[in-house]
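Here is protein_13.txt, consisting of compact mmCIF, C-alpha atoms and all ligand atoms:
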```
# COMPACT_ATOMS: atom_id res chain seq x y z
CA MET C 1 -40.75 -140.26 24.09
CA GLN C 2 -37.35 -138.76 24.76
CA GLY C 3 -36.79 -135.40 26.43
CA VAL C 4 -34.24 -133.29 24.59
CA ALA C 5 -32.26 -130.32 25.87
CA VAL C 6 -31.17 -128.14 22.97
CA PHE C 7 -28.20 -126.12 24.15
CA GLY C 8 -27.51 -123.22 21.82
CA SER C 9 -31.00 -123.59 20.35
CA THR C 10 -30.89 -120.26 18.44
CA GLY C 11 -27.70 -121.26 16.60
CA SER C 12 -27.10 -123.24 13.45
CA ILE C 13 -26.87 -126.64 15.20
CA GLY C 14 -29.75 -125.75 17.52
CA GLN C 15 -32.09 -124.79 14.67
CA SER C 16 -31.26 -127.97 12.73
CA THR C 17 -32.04 -129.97 15.87
CA LEU C 18 -35.38 -128.20 16.37
CA ASP C 19 -36.24 -128.94 12.73
CA LEU C 20 -35.83 -132.64 13.47
CA ILE C 21 -37.75 -132.49 16.75
CA GLY C 22 -40.58 -130.74 14.87
CA LEU C 23 -40.63 -133.56 12.35
CA HIS C 24 -40.75 -136.31 14.98
CA PRO C 25 -43.08 -135.12 17.76
CA GLU C 26 -43.97 -138.73 18.59
CA ARG C 27 -40.33 -139.50 19.51
CA PHE C 28 -38.82 -136.30 20.86
CA ARG C 29 -39.91 -133.43 23.07
CA ALA C 30 -37.86 -130.24 23.52
CA GLU C 31 -37.73 -129.85 27.31
CA VAL C 32 -34.90 -127.31 27.50
CA LEU C 33 -33.87 -124.51 25.15
CA THR C 34 -30.87 -122.26 25.80
CA ALA C 35 -29.37 -119.20 24.14
CA HIS C 36 -27.12 -116.32 25.03
CA ARG C 37 -29.05 -113.14 24.20
CA GLN C 38 -31.26 -113.57 21.15
CA VAL C 39 -34.73 -113.08 22.67
CA GLU C 40 -36.89 -112.91 19.53
CA PRO C 41 -35.91 -116.26 18.00
CA MET C 42 -36.09 -117.82 21.46
CA LEU C 43 -39.65 -116.53 21.94
CA ARG C 44 -40.67 -117.93 18.56
CA ASP C 45 -39.26 -121.37 19.47
CA CYS C 46 -40.86 -121.24 22.94
CA GLU C 47 -44.25 -120.69 21.34
CA ARG C 48 -43.72 -123.59 18.98
CA PHE C 49 -42.11 -126.14 21.33
CA LYS C 50 -43.35 -125.09 24.81
CA PRO C 51 -40.20 -126.25 26.62
CA ARG C 52 -40.32 -126.64 30.38
CA TRP C 53 -37.03 -124.78 30.88
CA VAL C 54 -35.37 -121.92 29.04
CA VAL C 55 -31.97 -120.47 29.81
CA MET C 56 -30.68 -117.10 28.65
CA THR C 57 -27.11 -116.65 29.82
CA ASP C 58 -27.33 -112.88 29.38
CA PRO C 59 -29.25 -111.66 32.49
CA ASP C 60 -30.96 -108.76 30.68
CA ALA C 61 -32.10 -111.08 27.93
CA ALA C 62 -33.43 -113.50 30.57
CA GLN C 63 -35.43 -110.71 32.17
CA THR C 64 -36.88 -109.53 28.85
CA LEU C 65 -37.81 -113.10 27.92
CA GLN C 66 -39.45 -113.64 31.30
CA LEU C 67 -41.62 -110.53 30.83
CA ARG C 68 -42.58 -111.44 27.29
CA LEU C 69 -43.52 -114.99 28.33
CA ARG C 70 -45.75 -113.63 31.11
CA GLU C 71 -47.56 -111.46 28.57
CA ALA C 72 -48.10 -114.38 26.21
CA SER C 73 -51.19 -116.54 26.73
CA TRP C 74 -49.14 -119.73 26.24
CA GLY C 75 -46.00 -118.81 28.24
CA GLY C 76 -47.12 -119.53 31.81
CA HIS C 77 -45.53 -122.97 32.26
CA ILE C 78 -42.07 -122.07 30.98
CA ASN C 79 -39.39 -121.58 33.63
CA VAL C 80 -36.69 -119.05 32.77
CA LEU C 81 -33.19 -119.42 34.20
CA ALA C 82 -30.46 -116.80 33.85
CA GLY C 83 -26.68 -116.79 33.63
CA PRO C 84 -24.12 -119.52 33.09
CA GLN C 85 -25.30 -121.28 36.27
CA GLY C 86 -28.69 -121.70 34.61
CA LEU C 87 -27.04 -123.85 31.94
CA VAL C 88 -25.64 -126.22 34.56
CA THR C 89 -29.02 -126.46 36.30
CA ALA C 90 -30.86 -127.14 33.05
CA ALA C 91 -28.33 -129.78 31.94
CA VAL C 92 -29.37 -132.15 34.71
CA VAL C 93 -33.15 -131.75 35.01
CA PRO C 94 -34.87 -135.17 35.15
CA GLU C 95 -37.04 -134.49 32.08
CA VAL C 96 -33.92 -134.54 29.91
CA ASP C 97 -32.72 -137.81 28.39
CA MET C 98 -30.42 -136.30 25.79
CA MET C 99 -28.55 -133.04 25.47
CA VAL C 100 -27.63 -131.58 22.12
CA ALA C 101 -24.49 -129.63 22.99
CA GLY C 102 -24.67 -126.81 20.44
CA ILE C 103 -23.25 -123.86 22.35
CA VAL C 104 -20.20 -122.39 20.65
CA GLY C 105 -16.85 -122.23 22.44
CA ALA C 106 -15.73 -122.63 26.02
CA ALA C 107 -19.09 -121.29 27.26
CA GLY C 108 -20.49 -124.78 26.66
CA LEU C 109 -18.04 -126.68 28.84
CA ALA C 110 -19.64 -126.53 32.29
CA SER C 111 -23.04 -127.74 31.08
CA VAL C 112 -21.54 -130.60 29.06
CA LEU C 113 -19.54 -131.73 32.09
CA ALA C 114 -22.65 -131.52 34.27
CA ALA C 115 -24.65 -133.61 31.80
CA ALA C 116 -21.82 -136.16 31.67
CA ARG C 117 -21.72 -136.46 35.45
CA ALA C 118 -25.50 -136.86 35.48
CA GLY C 119 -25.28 -139.76 33.03
CA LYS C 120 -27.19 -138.09 30.19
CA LYS C 121 -26.85 -139.02 26.55
CA ILE C 122 -24.76 -136.20 25.06
CA LEU C 123 -24.94 -135.40 21.37
CA LEU C 124 -21.76 -133.43 21.09
CA ALA C 125 -21.37 -130.61 18.57
CA ASN C 126 -19.46 -128.28 20.91
CA LYS C 127 -15.98 -129.57 20.03
CA GLU C 128 -14.30 -126.80 22.04
CA ALA C 129 -15.49 -128.46 25.28
CA LEU C 130 -13.70 -131.68 24.41
CA VAL C 131 -10.60 -129.88 23.11
CA MET C 132 -10.30 -127.93 26.36
CA ALA C 133 -11.12 -130.67 28.77
CA GLY C 134 -10.63 -134.03 27.07
CA PRO C 135 -9.45 -136.01 30.13
CA LEU C 136 -12.00 -134.38 32.46
CA MET C 137 -14.78 -135.13 30.00
CA VAL C 138 -13.75 -138.77 29.62
CA GLN C 139 -13.60 -139.12 33.40
CA ALA C 140 -16.97 -137.41 33.96
CA ALA C 141 -18.66 -139.58 31.34
CA ARG C 142 -17.18 -142.75 32.86
CA LEU C 143 -18.15 -141.89 36.41
CA GLY C 144 -21.61 -140.66 35.44
CA GLY C 145 -22.26 -143.45 32.96
CA ALA C 146 -22.98 -140.95 30.19
CA THR C 147 -23.06 -141.86 26.51
CA VAL C 148 -21.42 -139.46 24.10
CA ILE C 149 -22.38 -139.51 20.44
CA PRO C 150 -20.51 -137.18 18.11
CA VAL C 151 -22.51 -134.74 15.99
CA ASP C 152 -19.57 -133.02 14.31
CA SER C 153 -19.97 -134.46 10.81
CA GLU C 154 -16.48 -136.00 10.55
CA HIS C 155 -16.66 -137.66 13.94
CA ASN C 156 -20.20 -138.79 13.34
CA ALA C 157 -19.01 -140.34 10.06
CA ILE C 158 -16.23 -142.19 11.87
CA PHE C 159 -18.64 -143.26 14.60
CA GLN C 160 -20.96 -144.73 11.96
CA CYS C 161 -18.06 -146.55 10.27
CA LEU C 162 -17.07 -148.12 13.60
CA GLY C 163 -20.40 -149.94 13.86
CA GLU C 164 -23.25 -150.33 16.30
CA ASN C 165 -21.26 -151.84 19.14
CA TYR C 166 -18.68 -149.11 19.34
CA ARG C 167 -18.73 -146.77 22.38
CA CYS C 168 -16.86 -143.46 22.38
CA PHE C 169 -13.74 -143.07 24.53
CA GLN C 170 -12.76 -146.73 23.89
CA PRO C 171 -9.97 -147.54 21.42
CA PRO C 172 -11.74 -149.13 18.43
CA ALA C 173 -10.66 -152.67 17.53
CA GLY C 174 -8.74 -153.32 14.32
CA VAL C 175 -8.36 -149.71 13.27
CA ARG C 176 -5.17 -148.51 11.61
CA ARG C 177 -5.98 -144.87 10.89
CA LEU C 178 -8.75 -142.32 10.96
CA LEU C 179 -8.98 -140.03 7.93
CA LEU C 180 -10.65 -136.72 8.71
CA THR C 181 -11.84 -135.02 5.55
CA ALA C 182 -11.63 -131.23 5.26
CA SER C 183 -13.28 -129.06 2.65
CA GLY C 184 -10.27 -126.75 2.68
CA GLY C 185 -12.60 -123.81 3.36
CA PRO C 186 -13.10 -120.70 1.22
CA PHE C 187 -9.36 -120.02 0.84
CA ARG C 188 -8.29 -123.48 -0.27
CA SER C 189 -6.86 -122.17 -3.53
CA TRP C 190 -6.06 -118.57 -2.56
CA GLU C 191 -2.54 -117.12 -2.69
CA LYS C 192 -1.05 -116.62 0.76
CA ALA C 193 -0.80 -112.83 0.39
CA ARG C 194 -4.41 -112.45 -0.71
CA MET C 195 -5.58 -114.73 2.08
CA PHE C 196 -3.67 -112.66 4.66
CA SER C 197 -5.97 -109.67 4.27
CA ALA C 198 -9.21 -111.51 3.43
CA SER C 199 -12.35 -109.82 4.73
CA VAL C 200 -14.78 -111.17 7.31
CA SER C 201 -17.47 -111.76 4.68
CA GLU C 202 -14.99 -113.70 2.53
CA ALA C 203 -13.90 -115.79 5.50
CA ILE C 204 -17.39 -116.74 6.62
CA ALA C 205 -18.59 -117.63 3.10
CA HIS C 206 -18.06 -121.37 3.38
CA PRO C 207 -18.30 -123.15 0.00
CA ASN C 208 -20.39 -126.12 1.22
CA TRP C 209 -21.70 -125.70 4.79
CA SER C 210 -23.88 -123.05 6.39
CA MET C 211 -22.64 -122.59 9.97
CA GLY C 212 -22.15 -120.05 12.75
CA ARG C 213 -19.54 -117.30 12.33
CA LYS C 214 -16.89 -118.69 14.67
CA ILE C 215 -16.71 -122.16 13.14
CA SER C 216 -16.85 -120.63 9.65
CA VAL C 217 -13.68 -118.64 10.40
CA ASP C 218 -12.15 -121.79 11.91
CA SER C 219 -12.85 -123.58 8.63
CA ALA C 220 -11.16 -120.78 6.70
CA THR C 221 -8.00 -121.00 8.88
CA MET C 222 -8.34 -124.81 9.00
CA MET C 223 -8.13 -124.50 12.78
CA ASN C 224 -11.48 -126.28 12.68
CA LYS C 225 -9.65 -129.36 11.42
CA GLY C 226 -6.98 -128.87 14.07
CA LEU C 227 -9.66 -128.78 16.78
CA GLU C 228 -11.29 -131.82 15.16
CA LEU C 229 -8.04 -133.72 15.26
CA ILE C 230 -7.91 -133.16 19.02
CA GLU C 231 -11.62 -133.98 19.27
CA ALA C 232 -11.02 -137.26 17.41
CA HIS C 233 -8.07 -138.10 19.65
CA TRP C 234 -10.30 -138.00 22.75
CA LEU C 235 -13.49 -139.42 21.24
CA PHE C 236 -11.82 -142.43 19.67
CA SER C 237 -8.93 -142.85 22.08
CA LEU C 238 -6.29 -143.00 19.34
CA PRO C 239 -2.89 -141.28 19.20
CA GLU C 240 -2.42 -138.15 17.11
CA SER C 241 -0.16 -140.14 14.76
CA ALA C 242 -3.11 -142.39 13.79
CA ILE C 243 -5.31 -139.49 12.68
CA GLU C 244 -4.76 -137.91 9.27
CA VAL C 245 -6.35 -135.03 7.45
CA VAL C 246 -7.34 -135.24 3.78
CA VAL C 247 -8.67 -132.28 1.84
CA HIS C 248 -11.84 -133.19 -0.03
CA PRO C 249 -13.40 -130.07 -1.57
CA GLN C 250 -16.84 -131.54 -2.34
CA SER C 251 -17.67 -132.34 1.34
CA VAL C 252 -19.51 -135.50 0.35
CA VAL C 253 -17.25 -138.03 2.08
CA HIS C 254 -17.51 -136.91 5.69
CA SER C 255 -14.58 -138.99 6.96
CA MET C 256 -13.12 -142.48 6.73
CA VAL C 257 -11.76 -145.31 8.86
CA GLU C 258 -8.90 -147.47 7.63
CA PHE C 259 -8.80 -150.91 9.23
CA ASP C 260 -5.85 -153.24 9.83
CA ASP C 261 -6.82 -155.48 6.91
CA GLY C 262 -6.56 -152.58 4.45
CA SER C 263 -10.30 -151.87 4.17
CA THR C 264 -11.32 -148.23 4.26
CA LEU C 265 -14.93 -147.41 5.16
CA ALA C 266 -16.41 -143.99 4.47
CA GLN C 267 -19.70 -142.27 5.21
CA LEU C 268 -21.19 -140.10 2.45
CA GLY C 269 -24.02 -137.62 2.31
CA SER C 270 -25.04 -134.10 1.37
CA PRO C 271 -23.36 -131.48 3.54
CA ASP C 272 -26.31 -130.90 5.87
CA MET C 273 -25.93 -131.18 9.64
CA ARG C 274 -29.42 -132.62 9.98
CA THR C 275 -27.95 -135.98 8.87
CA PRO C 276 -25.42 -136.38 11.70
CA ILE C 277 -27.85 -134.86 14.23
CA ALA C 278 -30.65 -137.24 13.19
CA CYS C 279 -28.22 -140.15 13.26
CA ALA C 280 -27.10 -139.24 16.78
CA MET C 281 -30.66 -138.66 18.03
CA SER C 282 -31.91 -142.07 16.97
CA TRP C 283 -28.71 -144.18 17.05
CA PRO C 284 -28.53 -147.08 16.37
CA SER C 285 -31.86 -146.92 14.53
CA ARG C 286 -32.56 -144.37 11.79
CA ILE C 287 -35.15 -141.63 11.45
CA HIS C 288 -36.14 -139.49 8.48
CA ALA C 289 -34.24 -136.26 7.95
CA PRO C 290 -35.24 -133.85 5.18
CA VAL C 291 -31.83 -133.89 3.56
CA LYS C 292 -31.21 -133.78 -0.17
CA ALA C 293 -30.11 -137.19 -1.45
CA LEU C 294 -26.85 -137.43 -3.37
CA ASP C 295 -27.45 -137.30 -7.08
CA TRP C 296 -25.88 -140.32 -8.79
CA GLN C 297 -27.65 -139.71 -12.12
CA SER C 298 -25.29 -136.91 -13.12
CA ALA C 299 -21.50 -137.12 -13.30
CA GLN C 300 -19.87 -136.76 -9.87
CA ARG C 301 -16.30 -136.17 -8.83
CA LEU C 302 -14.79 -136.85 -5.46
CA ASP C 303 -11.36 -135.22 -5.19
CA PHE C 304 -8.81 -135.76 -2.45
CA GLU C 305 -5.55 -133.93 -1.82
CA PRO C 306 -3.13 -133.45 1.08
CA PRO C 307 -3.54 -130.26 3.13
CA ASP C 308 -1.22 -127.30 2.46
CA THR C 309 0.50 -127.07 5.83
CA GLU C 310 2.52 -124.02 4.79
CA ARG C 311 -0.48 -121.75 4.14
CA PHE C 312 -2.49 -123.36 6.96
CA PRO C 313 -0.25 -123.78 10.04
CA SER C 314 -3.25 -124.63 12.26
CA LEU C 315 -2.92 -128.38 11.77
CA ALA C 316 0.70 -128.37 12.92
CA LEU C 317 -0.23 -126.20 15.92
CA ALA C 318 -2.97 -128.63 16.91
CA ARG C 319 -0.67 -131.65 16.53
CA ALA C 320 2.04 -129.93 18.57
CA SER C 321 -0.45 -129.12 21.32
CA LEU C 322 -1.55 -132.76 21.49
CA ARG C 323 2.06 -133.92 21.70
CA THR C 324 2.73 -131.41 24.50
CA GLY C 325 -0.42 -132.71 26.18
CA GLY C 326 -1.61 -131.30 29.51
CA ALA C 327 -3.40 -128.00 29.06
CA ALA C 328 -1.80 -127.17 25.69
CA PRO C 329 -4.99 -127.94 23.69
CA ALA C 330 -6.95 -125.72 26.09
CA VAL C 331 -4.45 -122.91 25.51
CA LEU C 332 -4.73 -123.42 21.75
CA ASN C 333 -8.51 -123.26 21.96
CA ALA C 334 -8.60 -120.17 24.19
CA ALA C 335 -6.11 -118.26 22.05
CA ASN C 336 -8.03 -119.21 18.92
CA GLU C 337 -11.35 -118.03 20.37
CA ILE C 338 -9.82 -114.65 21.21
CA ALA C 339 -8.04 -114.27 17.88
CA VAL C 340 -11.13 -115.24 15.86
CA GLU C 341 -13.29 -112.81 17.81
CA ALA C 342 -10.71 -110.06 17.16
CA PHE C 343 -10.82 -110.87 13.45
CA LEU C 344 -14.64 -110.91 13.41
CA ASN C 345 -14.57 -107.48 15.09
CA GLU C 346 -12.09 -106.33 12.41
CA ARG C 347 -9.35 -105.62 14.94
CA ILE C 348 -6.79 -107.93 13.32
CA ARG C 349 -6.36 -109.27 9.80
CA PHE C 350 -7.13 -112.84 8.80
CA GLY C 351 -3.47 -113.87 8.46
CA GLU C 352 -2.72 -112.48 11.92
CA ILE C 353 -4.91 -115.08 13.62
CA PHE C 354 -2.16 -117.70 13.25
CA GLY C 355 0.54 -115.59 14.92
CA ALA C 356 -1.71 -114.66 17.84
CA VAL C 357 -2.43 -118.34 18.53
CA GLU C 358 1.13 -119.54 18.03
CA GLY C 359 2.57 -116.74 20.19
CA THR C 360 0.17 -117.52 23.04
CA LEU C 361 1.07 -121.21 22.91
CA ALA C 362 4.78 -120.38 22.97
CA GLN C 363 4.43 -117.93 25.84
CA LEU C 364 2.48 -120.42 27.97
CA SER C 365 4.37 -123.56 26.92
CA HIS C 366 5.74 -124.17 30.39
CA GLN C 367 2.45 -123.96 32.30
CA ALA C 368 0.55 -125.67 29.49
CA ALA C 369 2.54 -128.88 29.82
CA ASN C 370 0.90 -129.63 33.20
CA THR C 371 -2.33 -131.57 33.19
CA PRO C 372 -5.09 -129.70 35.03
CA ALA C 373 -6.35 -131.91 37.86
CA SER C 374 -9.66 -130.09 38.18
CA VAL C 375 -12.02 -127.88 36.24
CA ASP C 376 -10.86 -124.91 38.33
CA GLU C 377 -7.24 -125.49 37.35
CA LEU C 378 -8.29 -125.78 33.74
CA LEU C 379 -10.30 -122.58 33.87
CA GLU C 380 -7.33 -120.80 35.44
CA ILE C 381 -5.03 -121.67 32.54
CA ASP C 382 -7.85 -120.88 30.10
CA ARG C 383 -8.07 -117.41 31.67
CA GLN C 384 -4.30 -116.89 31.46
CA ALA C 385 -4.31 -117.93 27.81
CA ARG C 386 -7.14 -115.50 27.06
CA ASP C 387 -5.30 -112.65 28.79
CA ILE C 388 -2.12 -113.34 26.85
CA ALA C 389 -3.97 -113.70 23.57
CA GLN C 390 -5.83 -110.43 24.23
CA ALA C 391 -2.52 -108.67 24.86
CA ARG C 392 -1.12 -110.10 21.62
CA VAL C 393 -4.19 -109.05 19.70
CA ALA C 394 -3.94 -105.52 21.16
CA LYS C 395 -0.30 -105.35 20.09
CA ILE C 396 -1.05 -106.57 16.56
CA ALA C 397 -4.01 -104.19 16.29
CA GLY C 398 -1.62 -101.40 17.32
P1 LIG C 401 -23.87 -120.49 16.30
O1 LIG C 401 -23.02 -119.29 16.46
O2 LIG C 401 -24.77 -120.58 15.12
O3 LIG C 401 -24.78 -120.70 17.62
C1 LIG C 401 -24.22 -120.61 18.89
C2 LIG C 401 -25.25 -120.83 19.97
O4 LIG C 401 -24.62 -120.71 21.24
C3 LIG C 401 -26.38 -119.80 19.96
O5 LIG C 401 -27.56 -120.39 20.44
C4 LIG C 401 -25.88 -118.74 20.92
O6 LIG C 401 -26.91 -117.97 21.52
C5 LIG C 401 -25.20 -119.61 21.97
N1 LIG C 401 -24.12 -118.90 22.67
C6 LIG C 401 -23.19 -118.09 22.13
N2 LIG C 401 -22.37 -117.60 23.09
C7 LIG C 401 -22.80 -118.11 24.25
C8 LIG C 401 -22.40 -117.95 25.62
N3 LIG C 401 -21.38 -117.17 25.96
N4 LIG C 401 -23.10 -118.62 26.57
C9 LIG C 401 -24.14 -119.41 26.24
N5 LIG C 401 -24.57 -119.60 24.98
C10 LIG C 401 -23.91 -118.95 23.99
O7 LIG C 401 -22.87 -121.75 16.35
P2 LIG C 401 -23.00 -123.14 15.58
O8 LIG C 401 -24.37 -123.72 15.75
O9 LIG C 401 -22.44 -123.01 14.22
O10 LIG C 401 -21.93 -124.02 16.39
C11 LIG C 401 -22.22 -124.53 17.69
C12 LIG C 401 -21.15 -125.56 18.05
O11 LIG C 401 -21.27 -126.66 17.16
C13 LIG C 401 -19.73 -125.05 17.90
O12 LIG C 401 -18.93 -125.61 18.90
C14 LIG C 401 -19.29 -125.58 16.55
O13 LIG C 401 -17.90 -125.81 16.48
C15 LIG C 401 -20.05 -126.91 16.50
N6 LIG C 401 -20.33 -127.38 15.15
C16 LIG C 401 -21.14 -126.65 14.32
C17 LIG C 401 -21.40 -127.08 13.03
C18 LIG C 401 -22.34 -126.32 12.16
O14 LIG C 401 -22.62 -126.79 11.04
N7 LIG C 401 -22.82 -125.18 12.53
C19 LIG C 401 -20.78 -128.32 12.51
C20 LIG C 401 -19.98 -129.03 13.48
C21 LIG C 401 -19.77 -128.56 14.75
P3 LIG C 401 -27.37 -116.53 20.85
O15 LIG C 401 -28.00 -116.90 19.54
O16 LIG C 401 -28.32 -115.96 21.82
O17 LIG C 401 -26.11 -115.73 20.68
MG MG C 402 -16.78 -130.81 11.43
```

Would you write out, as structure tokens, the structure that this file holds?
Amino acid sequence: MQGVAVFGSTGSIGQSTLDLIGLHPERFRAEVLTAHRQVEPMLRDCERFKPRWVVMTDPDAAQTLQLRLREASWGGHINVLAGPQGLVTAAVVPEVDMMVAGIVGAAGLASVLAAARAGKKILLANKEALVMAGPLMVQAARLGGATVIPVDSEHNAIFQCLGENYRCFQPPAGVRRLLLTASGGPFRSWEKARMFSASVSEAIAHPNWSMGRKISVDSATMMNKGLELIEAHWLFSLPESAIEVVVHPQSVVHSMVEFDDGSTLAQLGSPDMRTPIACAMSWPSRIHAPVKALDWQSAQRLDFEPPDTERFPSLALARASLRTGGAAPAVLNAANEIAVEAFLNERIRFGEIFGAVEGTLAQLSHQAANTPASVDELLEIDRQARDIAQARVAKIAG
């Protein structure tokens, strides 16, 4: 029996994880659930899974949950923690063998680092943590003896192609290139002008995947692929030049590895995150996941095309930030989080996200080139980047 901590349990990744835990009660027990402020869904999952620990990072939500649990006949043994510090505490409790890191954005970083230092098995969905703090994460995992298994579908696909003996953060033997597939998002074939003023509902209507709002917008800007490029760089310890992006609109091939001998291995499946999560939970064995099988009885097409770097400048921004190194990827991530939030709140237009991110990177290029030696230094540059991005957003919003 393995104790699982589901970080971001009310979100899209969290709910898929709980689905799998519910299907395999003989193998997994949800010991920790965390959310930001959604009390009702958290209560429902508490009743079903009876975790030992629950964290609500919003203090009011934590208080409400605490009261509601006291009223419930079944809630007496559940400990409620509040605030971001609660996440760090819950990441290292002894009941937890594996953490599913499903918080969105920089808010997930501290708990992932804590779990790494504590030597937990980390099933990583929260790519922003690795983008911000790649070197610190690698170091923490090494020192703590933690195992990281990627959940992001592309990285999980690559991980599967690299075979059972592969461990993340090591350069894989005999690999020439990684090929990250991208759906191209909802605006793959839109004219630039139309895309510029696309609405929030158009941007979050992903053609193949059902995901949280932030990552859905990232898919529409293709910044998701930019973040994934950086994620792949750290996970697989390969240079930016050995990682390519291929647009594949069907989202059936989840990514590929090209080896030195010319072989290319791919992992295929329906676009359903329960496959990579199940794979990561049971690796290297396999468990059942209730995912629709691919249908080979009807005609199928798998299309591939190069990304349009003119309409989607995110990939070039991500590559440039990796070449700059230091804190540049953290600046990219912070500026993107602010710009996407401003778009979701209808303060700026879709096409203005790119300029806000690029401008922030340019303005901080000097400071960003230094490698943060500690989490505090990293958080300081993250804060500066957020301030600058906010100012840019305010200017754009007029
Ligand atoms: P969602 O928006 O669906 O869920 C986010 C979760 O994080 C919720 O539980 C939310 O709690 C919690 N949360 C939000 N803000 C904070 C905060 N400030 N502090 C603590 N917790 C917070 O996101 P997704 O599940 O879509 O994505 C999660 C991560 O996984 C992201 O990093 C994303 O890039 C990655 N990912 C997601 C995929 C997907 O298919 N969804 C695919 C690949 C990667 P509450 O509900 O209370 O707000
Ligand atoms: Mg992905």

Got a sec: who's within 9 Å of Arg323 (chain C), counting only C-alpha atoms, leaving out chain neighbours fewer than 5 positions off, as a list in words?
Glu240, Ala318 and Ala328 of chain C

Using the selection just defined, write its residues with C-alpha atoms as a PDB file, in the frame of the given file.
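Writing done, so here's again_35.pdb:
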```pdb
ATOM      1  CA  GLU C 240      -2.420-138.150  17.110  1.00  0.00           C
ATOM      2  CA  ALA C 318      -2.970-128.630  16.910  1.00  0.00           C
ATOM      3  CA  ALA C 328      -1.800-127.170  25.690  1.00  0.00           C
TER       4      ALA C 328
END
```

Could you state the separation of CA of Met211 (chain C) and CA of Phe7 (chain C) in Å, given to one decimal place?
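Rounded to one decimal, the two atoms are 15.6 Å apart.
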
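If you look at CA of Val245 (chain C) and CA of Val175 (chain C), they are 15.9 Å away from each other.
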
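Using only C-alpha atoms and all ligand atoms, we find that the residues with an atom at most 9 Å from any atom of ligand MG 402 (chain C) are Ala125, Lys127, Val151, Asp152, Ser153, Glu154, His155, Asn156, Leu180, Thr181, Ala182, Ile215, Ser219, Asn224, Lys225, Glu228 and His254 of chain C.
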
Need to verify the contact set: Met42 (chain C), 10 Å, only C-alpha atoms, exclusion of same-chain residues closer than 4 positions in sequence. Can you return it as a ChimeraX atom specification?
/C:9-10,33-38,46-48,54-56,65

I'd like the neighbourhood of Trp74 (chain C) as a PyMOL selection string, where a residue qualifies if any of its atoms comes within 12 Å (using only C-alpha atoms), though same-chain residues fewer than 3 positions away should be ignored.
chain C and resi 43-44+46-52+68-71+77-78

Return the single residue from C:Gln250, C:Ser241, C:Ser183, C:Asn165 that is closest to Gln300 (chain C), with distances computed using all atoms listed in the file.
C:Gln250

Top pick for closest residue to Leu162 (chain C), considering C:Val375, C:Ala90, C:Ala266, C:Val32 and counting all atoms listed in the file:
C:Ala266

Please provide the set of residues having any atom within 8 Å of region 360-374 of chain C, restricted to all atoms listed in the file, with same-chain residues fewer than 2 positions apart removed, written as a list in words.
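In the requested form, the answer reads Leu136, Thr324, Gly325, Gly326, Ala327, Ala328, Val331, Leu332, Ala335, Ala356, Val357, Glu358, Asp376, Glu377, Leu378, Ile381, Ala385, Ile388, Ala389 and Arg392 of chain C.
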
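Between Asn126 (chain C) and the candidates C:Ala289, C:Ala101, C:Ala114, C:Leu143, the tightest atom-to-atom separation, counting all atoms listed in the file, involves C:Ala101.
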
From the set C:Glu40, C:Glu26, C:Glu128, C:Asp45, which residue has the shortest atom-to-atom contact distance to Asn333 (chain C), counting all atoms listed in the file?
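Nearest candidate to Asn333 (chain C) out of C:Glu40, C:Glu26, C:Glu128, C:Asp45: C:Glu128.
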
Can you work out the spacing between CA of Pro172 (chain C) and CA of Gln160 (chain C) in Å, to one decimal?
12.1 Å

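Residue nearest Ile204 (chain C) within the list C:Thr221, C:Ser16, C:Ser189, C:Gln297: C:Thr221 [criterion: smallest interatomic distance, all atoms listed in the file].
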